[in-house]
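Listing of query-v2.pdb, PDB, C-alpha atoms and all ligand atoms
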MODEL        1
ATOM      1  CA  MET O   1      14.958 -13.944  -7.168  1.00  0.00           C
ATOM      2  CA  ASN O   2      12.755 -12.001  -4.758  1.00  0.00           C
ATOM      3  CA  ILE O   3      11.462 -13.789  -1.675  1.00  0.00           C
ATOM      4  CA  VAL O   4       9.089 -12.528   1.008  1.00  0.00           C
ATOM      5  CA  ARG O   5       9.408 -14.060   4.474  1.00  0.00           C
ATOM      6  CA  GLU O   6       8.727 -13.201   8.087  1.00  0.00           C
ATOM      7  CA  ALA O   7      11.606 -11.448   9.812  1.00  0.00           C
ATOM      8  CA  ILE O   8      13.481 -13.118  12.652  1.00  0.00           C
ATOM      9  CA  GLU O   9      15.369 -11.475  15.490  1.00  0.00           C
ATOM     10  CA  SER O  10      18.714 -11.548  13.675  1.00  0.00           C
ATOM     11  CA  ASP O  11      17.231  -9.479  10.819  1.00  0.00           C
ATOM     12  CA  ARG O  12      16.718  -6.510  13.156  1.00  0.00           C
ATOM     13  CA  GLU O  13      19.650  -4.307  12.098  1.00  0.00           C
ATOM     14  CA  ASP O  14      19.206  -4.976   8.367  1.00  0.00           C
ATOM     15  CA  VAL O  15      15.508  -4.142   8.600  1.00  0.00           C
ATOM     16  CA  ILE O  16      16.246  -0.961  10.512  1.00  0.00           C
ATOM     17  CA  SER O  17      18.772   0.020   7.874  1.00  0.00           C
ATOM     18  CA  VAL O  18      16.051  -0.400   5.201  1.00  0.00           C
ATOM     19  CA  TRP O  19      13.699   1.810   7.229  1.00  0.00           C
ATOM     20  CA  ALA O  20      16.451   4.399   7.731  1.00  0.00           C
ATOM     21  CA  SER O  21      17.232   4.474   4.005  1.00  0.00           C
ATOM     22  CA  CYS O  22      13.525   5.192   3.399  1.00  0.00           C
ATOM     23  CA  ASP O  23      13.403   7.969   6.035  1.00  0.00           C
ATOM     24  CA  LEU O  24      10.807   6.004   8.015  1.00  0.00           C
ATOM     25  CA  ILE O  25      12.486   6.386  11.405  1.00  0.00           C
ATOM     26  CA  LYS O  26      11.178   9.310  13.423  1.00  0.00           C
ATOM     27  CA  PRO O  27      12.591  10.594  16.722  1.00  0.00           C
ATOM     28  CA  GLN O  28       9.436   9.710  18.655  1.00  0.00           C
ATOM     29  CA  ASN O  29       9.735   6.015  17.711  1.00  0.00           C
ATOM     30  CA  ASP O  30      12.491   3.598  18.701  1.00  0.00           C
ATOM     31  CA  PRO O  31      12.691   1.175  15.762  1.00  0.00           C
ATOM     32  CA  ARG O  32      14.438  -1.550  17.813  1.00  0.00           C
ATOM     33  CA  THR O  33      11.687  -1.552  20.415  1.00  0.00           C
ATOM     34  CA  ASP O  34       9.090  -1.447  17.646  1.00  0.00           C
ATOM     35  CA  PHE O  35      10.776  -4.351  15.810  1.00  0.00           C
ATOM     36  CA  ASP O  36      10.937  -6.510  18.958  1.00  0.00           C
ATOM     37  CA  LEU O  37       7.347  -5.748  19.956  1.00  0.00           C
ATOM     38  CA  ALA O  38       6.030  -6.640  16.508  1.00  0.00           C
ATOM     39  CA  LEU O  39       7.897  -9.957  16.496  1.00  0.00           C
ATOM     40  CA  ASN O  40       6.870 -10.843  20.043  1.00  0.00           C
ATOM     41  CA  THR O  41       3.168 -10.065  19.677  1.00  0.00           C
ATOM     42  CA  SER O  42       1.026 -12.928  18.415  1.00  0.00           C
ATOM     43  CA  THR O  43      -1.081 -10.794  16.061  1.00  0.00           C
ATOM     44  CA  SER O  44       1.704  -8.878  14.381  1.00  0.00           C
ATOM     45  CA  THR O  45       4.819  -9.503  12.347  1.00  0.00           C
ATOM     46  CA  ILE O  46       7.363  -7.947  10.044  1.00  0.00           C
ATOM     47  CA  LEU O  47       7.576  -9.167   6.468  1.00  0.00           C
ATOM     48  CA  ILE O  48      10.791  -8.668   4.575  1.00  0.00           C
ATOM     49  CA  LEU O  49      11.571  -8.784   0.894  1.00  0.00           C
ATOM     50  CA  GLU O  50      14.902 -10.365   0.024  1.00  0.00           C
ATOM     51  CA  CYS O  51      16.684  -9.940  -3.263  1.00  0.00           C
ATOM     52  CA  GLU O  52      19.793 -12.078  -3.739  1.00  0.00           C
ATOM     53  CA  ASN O  53      20.072 -12.650   0.026  1.00  0.00           C
ATOM     54  CA  GLN O  54      19.870  -8.939   0.771  1.00  0.00           C
ATOM     55  CA  ILE O  55      16.950  -7.418   2.665  1.00  0.00           C
ATOM     56  CA  VAL O  56      15.642  -4.700   0.355  1.00  0.00           C
ATOM     57  CA  GLY O  57      12.166  -4.057   1.754  1.00  0.00           C
ATOM     58  CA  ALA O  58      10.208  -4.421   4.969  1.00  0.00           C
ATOM     59  CA  VAL O  59       6.750  -3.828   6.393  1.00  0.00           C
ATOM     60  CA  MET O  60       5.289  -4.197   9.877  1.00  0.00           C
ATOM     61  CA  ILE O  61       1.783  -5.665  10.015  1.00  0.00           C
ATOM     62  CA  GLY O  62      -0.742  -6.156  12.765  1.00  0.00           C
ATOM     63  CA  PHE O  63      -4.330  -7.385  12.979  1.00  0.00           C
ATOM     64  CA  ASP O  64      -6.243  -5.789  15.843  1.00  0.00           C
ATOM     65  CA  GLY O  65      -9.270  -8.069  15.522  1.00  0.00           C
ATOM     66  CA  HIS O  66     -11.181  -5.606  13.338  1.00  0.00           C
ATOM     67  CA  ARG O  67      -8.756  -4.064  10.874  1.00  0.00           C
ATOM     68  CA  GLY O  68      -5.304  -4.903   9.637  1.00  0.00           C
ATOM     69  CA  TRP O  69      -2.687  -2.165   9.851  1.00  0.00           C
ATOM     70  CA  LEU O  70       0.541  -1.655   7.945  1.00  0.00           C
ATOM     71  CA  TYR O  71       3.462   0.363   9.289  1.00  0.00           C
ATOM     72  CA  TYR O  72       7.092   1.041   8.390  1.00  0.00           C
ATOM     73  CA  PHE O  73       6.504   0.104   4.754  1.00  0.00           C
ATOM     74  CA  GLY O  74       9.532   0.752   2.601  1.00  0.00           C
ATOM     75  CA  VAL O  75      11.794  -0.467  -0.175  1.00  0.00           C
ATOM     76  CA  LYS O  76      15.456   0.615  -0.299  1.00  0.00           C
ATOM     77  CA  PRO O  77      15.837   3.484  -2.780  1.00  0.00           C
ATOM     78  CA  ALA O  78      18.085   1.487  -5.138  1.00  0.00           C
ATOM     79  CA  PHE O  79      15.382  -1.196  -5.385  1.00  0.00           C
ATOM     80  CA  GLN O  80      12.383   1.096  -5.852  1.00  0.00           C
ATOM     81  CA  SER O  81      10.390   1.413  -9.088  1.00  0.00           C
ATOM     82  CA  LEU O  82      11.062  -2.254  -9.911  1.00  0.00           C
ATOM     83  CA  GLY O  83       7.796  -3.727  -8.655  1.00  0.00           C
ATOM     84  CA  ASN O  84       9.179  -4.561  -5.208  1.00  0.00           C
ATOM     85  CA  GLY O  85       6.708  -2.353  -3.344  1.00  0.00           C
ATOM     86  CA  ARG O  86       3.855  -4.092  -5.142  1.00  0.00           C
ATOM     87  CA  ILE O  87       5.204  -7.549  -4.166  1.00  0.00           C
ATOM     88  CA  LEU O  88       5.644  -6.586  -0.510  1.00  0.00           C
ATOM     89  CA  LEU O  89       2.273  -4.859  -0.192  1.00  0.00           C
ATOM     90  CA  SER O  90       0.534  -7.820  -1.772  1.00  0.00           C
ATOM     91  CA  ALA O  91       2.279 -10.183   0.692  1.00  0.00           C
ATOM     92  CA  GLY O  92       1.169  -7.962   3.569  1.00  0.00           C
ATOM     93  CA  GLU O  93      -2.428  -8.018   2.356  1.00  0.00           C
ATOM     94  CA  GLU O  94      -2.276 -11.798   2.041  1.00  0.00           C
ATOM     95  CA  TRP O  95      -0.913 -12.131   5.592  1.00  0.00           C
ATOM     96  CA  LEU O  96      -3.852 -10.094   6.895  1.00  0.00           C
ATOM     97  CA  ALA O  97      -6.474 -11.813   4.728  1.00  0.00           C
ATOM     98  CA  ASN O  98      -5.244 -15.218   5.943  1.00  0.00           C
ATOM     99  CA  ARG O  99      -6.017 -14.097   9.513  1.00  0.00           C
ATOM    100  CA  GLY O 100      -9.520 -12.935   8.654  1.00  0.00           C
ATOM    101  CA  ALA O 101      -8.873  -9.201   8.492  1.00  0.00           C
ATOM    102  CA  PRO O 102     -11.535  -7.716   6.198  1.00  0.00           C
ATOM    103  CA  LYS O 103      -9.672  -4.501   5.477  1.00  0.00           C
ATOM    104  CA  ALA O 104      -6.113  -3.202   5.355  1.00  0.00           C
ATOM    105  CA  MET O 105      -5.370   0.268   6.716  1.00  0.00           C
ATOM    106  CA  LEU O 106      -2.329   2.496   6.807  1.00  0.00           C
ATOM    107  CA  MET O 107      -1.422   6.055   7.667  1.00  0.00           C
ATOM    108  CA  VAL O 108       0.667   8.396   5.526  1.00  0.00           C
ATOM    109  CA  ARG O 109       2.318  11.424   7.094  1.00  0.00           C
ATOM    110  CA  ASN O 110       1.188  14.695   5.543  1.00  0.00           C
ATOM    111  CA  SER O 111       4.857  15.399   4.813  1.00  0.00           C
ATOM    112  CA  ASN O 112       4.990  12.232   2.653  1.00  0.00           C
ATOM    113  CA  SER O 113       1.965  12.800   0.430  1.00  0.00           C
ATOM    114  CA  LYS O 114       3.950  11.887  -2.715  1.00  0.00           C
ATOM    115  CA  VAL O 115       3.570   8.226  -1.766  1.00  0.00           C
ATOM    116  CA  ILE O 116      -0.231   8.324  -1.849  1.00  0.00           C
ATOM    117  CA  GLY O 117      -0.239   7.722  -5.629  1.00  0.00           C
ATOM    118  CA  PHE O 118       1.493   4.384  -5.028  1.00  0.00           C
ATOM    119  CA  TYR O 119      -1.172   3.211  -2.598  1.00  0.00           C
ATOM    120  CA  GLU O 120      -3.991   4.432  -4.848  1.00  0.00           C
ATOM    121  CA  ARG O 121      -2.437   2.534  -7.750  1.00  0.00           C
ATOM    122  CA  LEU O 122      -2.669  -0.606  -5.603  1.00  0.00           C
ATOM    123  CA  GLY O 123      -6.295  -0.127  -4.625  1.00  0.00           C
ATOM    124  CA  PHE O 124      -6.186   1.929  -1.435  1.00  0.00           C
ATOM    125  CA  GLY O 125      -8.386   5.000  -1.086  1.00  0.00           C
ATOM    126  CA  ILE O 126      -8.217   8.044   1.157  1.00  0.00           C
ATOM    127  CA  GLU O 127     -10.864   7.883   3.891  1.00  0.00           C
ATOM    128  CA  GLU O 128     -12.767  10.802   5.372  1.00  0.00           C
ATOM    129  CA  THR O 129     -11.530  10.039   8.864  1.00  0.00           C
ATOM    130  CA  SER O 130      -9.399  11.925  11.348  1.00  0.00           C
ATOM    131  CA  VAL O 131      -6.724   9.837  13.049  1.00  0.00           C
ATOM    132  CA  LEU O 132      -6.213  10.681  16.717  1.00  0.00           C
ATOM    133  CA  GLY O 133      -3.408   9.452  18.912  1.00  0.00           C
ATOM    134  CA  LYS O 134      -2.315   9.488  22.541  1.00  0.00           C
ATOM    135  CA  ARG O 135       0.968   8.293  24.000  1.00  0.00           C
ATOM    136  CA  LEU O 136       0.474   5.634  26.703  1.00  0.00           C
TER     137      LEU O 136
HETATM  138  C1  LIG J   1       6.282   3.498  -1.496  1.00  0.00           C
HETATM  139  C2  LIG J   1       7.320   2.516  -1.961  1.00  0.00           C
HETATM  140  C3  LIG J   1       7.372   1.346  -1.001  1.00  0.00           C
HETATM  141  C4  LIG J   1       6.938   1.992  -3.366  1.00  0.00           C
HETATM  142  O1  LIG J   1       7.837   0.949  -3.707  1.00  0.00           O
HETATM  143  P1  LIG J   1       8.306   0.683  -5.216  1.00  0.00           P
HETATM  144  O2  LIG J   1       9.094  -0.564  -5.194  1.00  0.00           O
HETATM  145  O3  LIG J   1       8.977   1.900  -5.755  1.00  0.00           O
HETATM  146  O4  LIG J   1       6.916   0.498  -5.948  1.00  0.00           O
HETATM  147  P2  LIG J   1       6.611  -0.412  -7.239  1.00  0.00           P
HETATM  148  O5  LIG J   1       7.765  -0.313  -8.185  1.00  0.00           O
HETATM  149  O6  LIG J   1       6.228  -1.779  -6.798  1.00  0.00           O
HETATM  150  O7  LIG J   1       5.353   0.329  -7.845  1.00  0.00           O
HETATM  151  C5  LIG J   1       4.090  -0.318  -7.966  1.00  0.00           C
HETATM  152  C6  LIG J   1       3.210   0.550  -8.838  1.00  0.00           C
HETATM  153  O8  LIG J   1       2.984   1.814  -8.195  1.00  0.00           O
HETATM  154  C7  LIG J   1       3.360   2.887  -9.061  1.00  0.00           C
HETATM  155  N1  LIG J   1       3.937   3.926  -8.209  1.00  0.00           N
HETATM  156  C8  LIG J   1       5.041   3.831  -7.429  1.00  0.00           C
HETATM  157  N2  LIG J   1       5.234   4.979  -6.754  1.00  0.00           N
HETATM  158  C9  LIG J   1       4.231   5.813  -7.143  1.00  0.00           C
HETATM  159  C10 LIG J   1       3.885   7.148  -6.781  1.00  0.00           C
HETATM  160  N3  LIG J   1       4.597   7.850  -5.895  1.00  0.00           N
HETATM  161  N4  LIG J   1       2.769   7.686  -7.354  1.00  0.00           N
HETATM  162  C11 LIG J   1       2.035   6.972  -8.244  1.00  0.00           C
HETATM  163  N5  LIG J   1       2.315   5.684  -8.604  1.00  0.00           N
HETATM  164  C12 LIG J   1       3.404   5.133  -8.065  1.00  0.00           C
HETATM  165  C13 LIG J   1       4.365   2.277 -10.010  1.00  0.00           C
HETATM  166  O9  LIG J   1       4.431   3.001 -11.212  1.00  0.00           O
HETATM  167  C14 LIG J   1       3.833   0.875 -10.175  1.00  0.00           C
HETATM  168  O10 LIG J   1       2.774   0.883 -11.093  1.00  0.00           O
HETATM  169  P3  LIG J   1       2.589  -0.351 -12.158  1.00  0.00           P
HETATM  170  O11 LIG J   1       2.951  -1.625 -11.433  1.00  0.00           O
HETATM  171  O12 LIG J   1       1.169  -0.311 -12.515  1.00  0.00           O
HETATM  172  O13 LIG J   1       3.533  -0.042 -13.253  1.00  0.00           O
HETATM  173  C15 LIG J   1       8.706   3.193  -2.075  1.00  0.00           C
HETATM  174  O14 LIG J   1       8.598   4.329  -2.886  1.00  0.00           O
HETATM  175  C16 LIG J   1       9.296   3.608  -0.744  1.00  0.00           C
HETATM  176  O15 LIG J   1       9.882   2.797  -0.037  1.00  0.00           O
HETATM  177  N6  LIG J   1       9.186   4.900  -0.397  1.00  0.00           N
HETATM  178  C17 LIG J   1       9.828   5.433   0.818  1.00  0.00           C
HETATM  179  C18 LIG J   1       9.167   4.955   2.076  1.00  0.00           C
HETATM  180  C19 LIG J   1       7.735   5.414   2.202  1.00  0.00           C
HETATM  181  O16 LIG J   1       7.416   6.567   1.986  1.00  0.00           O
HETATM  182  N7  LIG J   1       6.878   4.464   2.589  1.00  0.00           N
HETATM  183  C20 LIG J   1       5.467   4.725   2.813  1.00  0.00           C
HETATM  184  C21 LIG J   1       5.193   5.098   4.223  1.00  0.00           C
HETATM  185  S1  LIG J   1       3.458   5.408   4.491  1.00  0.00           S
ENDMDL
END
Starting from the file, give its structure as structure tokens.
Amino acid sequence: MNIVREAIESDREDVISVWASCDLIKPQNDPRTDFDLALNTSTSTILILECENQIVGAVMIGFDGHRGWLYYFGVKPAFQSLGNGRILLSAGEEWLANRGAPKAMLMVRNSNSKVIGFYERLGFGIEETSVLGKRL
């Protein structure tokens, strides 16, 4: 049976292994620091999807007071195309909606455009917006 729950500190390495299997870890980001920050910030969390006591999917979520954002969203390759992404995304949306977030947002790297069809299937649309960033 599949269960979605909030991650706890001891899930860190299993979650990072899910992200690694999905090629979501990039050199500019330290996933351990990111994991700890998300768990120790009151407006963010990491949801994990467990299948037979194994962590097979994970997503980081944060509500910034205006929009809800999803990061590091992935399902282990062997567990993809089974509806697990749908379950996890829906749980993430529910987490945000329960905190009053009116809209869920996410960014897709240009090198990963094949995943856009998944998000469109689940109701997301591409926005005419440029995303800018600056390291602090
Ligand atoms: C994106 C990802 C989480 C989807 O998970 P999944 O478990 O394979 O997705 P599901 O099986 O729940 O699919 C849900 C629906 O989306 C559809 N879908 C899945 N991938 C799709 C794609 N690339 N294009 C179009 N539709 C897609 C499925 O057919 C299914 O439709 P249905 O329920 O109407 O039959 C998974 O492919 C993944 O982890 N990819 C690698 C990591 C990644 O790129 N994450 C996104 C970072 S922005």
* Would you mind listing what lies within 9 Å of region 109-124 of chain O as JSON, numbers by chain, with all atoms listed in the file counted and same-chain residues fewer than 6 positions away left out? => {"O": [85, 86, 89, 90]}
Would you tabulate, counting all atoms listed in the file, all residues of region 50-126 of chain O that have an atom at most 7 Å from an atom of region 36-45 of chain O, showing the closest pair of atoms and their distance in Å to one decimal, sorted by chain then ascending number, as CSV?
residue,atom,partner,partner_atom,distance
O:Met60,CA,O:Thr45,CA,5.9
O:Ile61,CA,O:Thr45,CA,5.4
O:Gly62,CA,O:Ser44,CA,4.0
O:Phe63,CA,O:Thr43,CA,5.6
* To do: Run the PyMOL selection byres (((chain O and resi 20) around 12) and not hetatm) mentally over the shown coordinates, then write out the matched residues as a PyMOL selection string, using the chain letters and numbers from the document.
  => chain O and resi 13-19+21-27+30-32+56-58+72-77
* To do: Using all atoms listed in the file, pick whichever of O:Pro102, O:Gly133, O:Gly83, O:Gly92 has the shortest atom-to-atom distance to ligand LIG 1 (chain J).
  => O:Gly83
Please identify all polymer residues within 7 Å of Glu50 (chain O), counting all atoms listed in the file, omitting same-chain residues fewer than 3 positions from it, and present them as a PDB file with C-alpha atoms, in the coordinates of the input.
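Written file, out.pdb:
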ATOM      1  CA  ASN O   2      12.755 -12.001  -4.758  1.00  0.00           C
ATOM      2  CA  ILE O   3      11.462 -13.789  -1.675  1.00  0.00           C
ATOM      3  CA  VAL O   4       9.089 -12.528   1.008  1.00  0.00           C
ATOM      4  CA  ASN O  53      20.072 -12.650   0.026  1.00  0.00           C
ATOM      5  CA  GLN O  54      19.870  -8.939   0.771  1.00  0.00           C
ATOM      6  CA  ILE O  55      16.950  -7.418   2.665  1.00  0.00           C
ATOM      7  CA  VAL O  56      15.642  -4.700   0.355  1.00  0.00           C
TER       8      VAL O  56
END
* Hey, can you check how far atom N7 of ligand LIG 1 (chain J) sits from CA of Leu49 (chain O)? ->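 That distance, rounded to one decimal, is 14.2 Å.
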* To do: Using all atoms listed in the file, find the one residue out of O:Ser81, O:Asn29, O:Ser130, O:Ser10 that sits nearest to ligand LIG 1 (chain J).
  => O:Ser81
Build an axis-aligned box that encloses every atom of ligand LIG 1 (chain J) listed in the file, pad it by 4 Å on each side, and report its centre and edge lengths in Å to one decimal, as lines of an AutoDock Vina configuration file.
center_x = 5.5
center_y = 3.0
center_z = -4.4
size_x = 16.7
size_y = 17.6
size_z = 25.7
Could you list, as a PDB file with C-alpha atoms, in the frame of the given file, every residue matched by the PyMOL selection byres (((chain O and resi 66) around 12) and not hetatm) in this structure?
ATOM      1  CA  THR O  43      -1.081 -10.794  16.061  1.00  0.00           C
ATOM      2  CA  GLY O  62      -0.742  -6.156  12.765  1.00  0.00           C
ATOM      3  CA  PHE O  63      -4.330  -7.385  12.979  1.00  0.00           C
ATOM      4  CA  ASP O  64      -6.243  -5.789  15.843  1.00  0.00           C
ATOM      5  CA  GLY O  65      -9.270  -8.069  15.522  1.00  0.00           C
ATOM      6  CA  ARG O  67      -8.756  -4.064  10.874  1.00  0.00           C
ATOM      7  CA  GLY O  68      -5.304  -4.903   9.637  1.00  0.00           C
ATOM      8  CA  TRP O  69      -2.687  -2.165   9.851  1.00  0.00           C
ATOM      9  CA  LEU O  96      -3.852 -10.094   6.895  1.00  0.00           C
ATOM     10  CA  ALA O  97      -6.474 -11.813   4.728  1.00  0.00           C
ATOM     11  CA  ARG O  99      -6.017 -14.097   9.513  1.00  0.00           C
ATOM     12  CA  GLY O 100      -9.520 -12.935   8.654  1.00  0.00           C
ATOM     13  CA  ALA O 101      -8.873  -9.201   8.492  1.00  0.00           C
ATOM     14  CA  PRO O 102     -11.535  -7.716   6.198  1.00  0.00           C
ATOM     15  CA  LYS O 103      -9.672  -4.501   5.477  1.00  0.00           C
ATOM     16  CA  ALA O 104      -6.113  -3.202   5.355  1.00  0.00           C
ATOM     17  CA  MET O 105      -5.370   0.268   6.716  1.00  0.00           C
TER      18      MET O 105
END
* Asked: Which is closer to ligand LIG 1 (chain J) than all the others in O:Ile46, O:Ala7, O:Leu132, O:Leu70, using all atoms listed in the file?
  ->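 Ranking O:Ile46, O:Ala7, O:Leu132, O:Leu70 by distance to ligand LIG 1 (chain J), first place goes to O:Leu70.
Proximity to Asp11 (chain O) was assessed for O:Tyr71, O:Phe35, O:Trp95, O:Phe79 counting all atoms listed in the file; the smallest distance is recorded for O:Phe35.
Candidate residues O:Leu136, O:Val131, O:Leu82, O:Leu88 were compared for distance to ligand LIG 1 (chain J), and the nearest is O:Leu82, using only C-alpha atoms and all ligand atoms.
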* Kindly give the distance, in Å, that separates CA of Asn98 (chain O) and CA of Asn84 (chain O), rounded to a single decimal. =>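 We find that CA of Asn98 (chain O) and CA of Asn84 (chain O) lie 21.1 Å from each other.
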* Between O:Ala91, O:Met1, O:Leu47, O:Met107, single out the one closest to ligand LIG 1 (chain J), counting only C-alpha atoms and all ligand atoms. =>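 Ranking O:Ala91, O:Met1, O:Leu47, O:Met107 by distance to ligand LIG 1 (chain J), first place goes to O:Met107.
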* Asked: What does the distance between atom C8 of ligand LIG 1 (chain J) and CA of Thr33 (chain O) come to in Å, to one decimal place?
  -> 29.1 Å
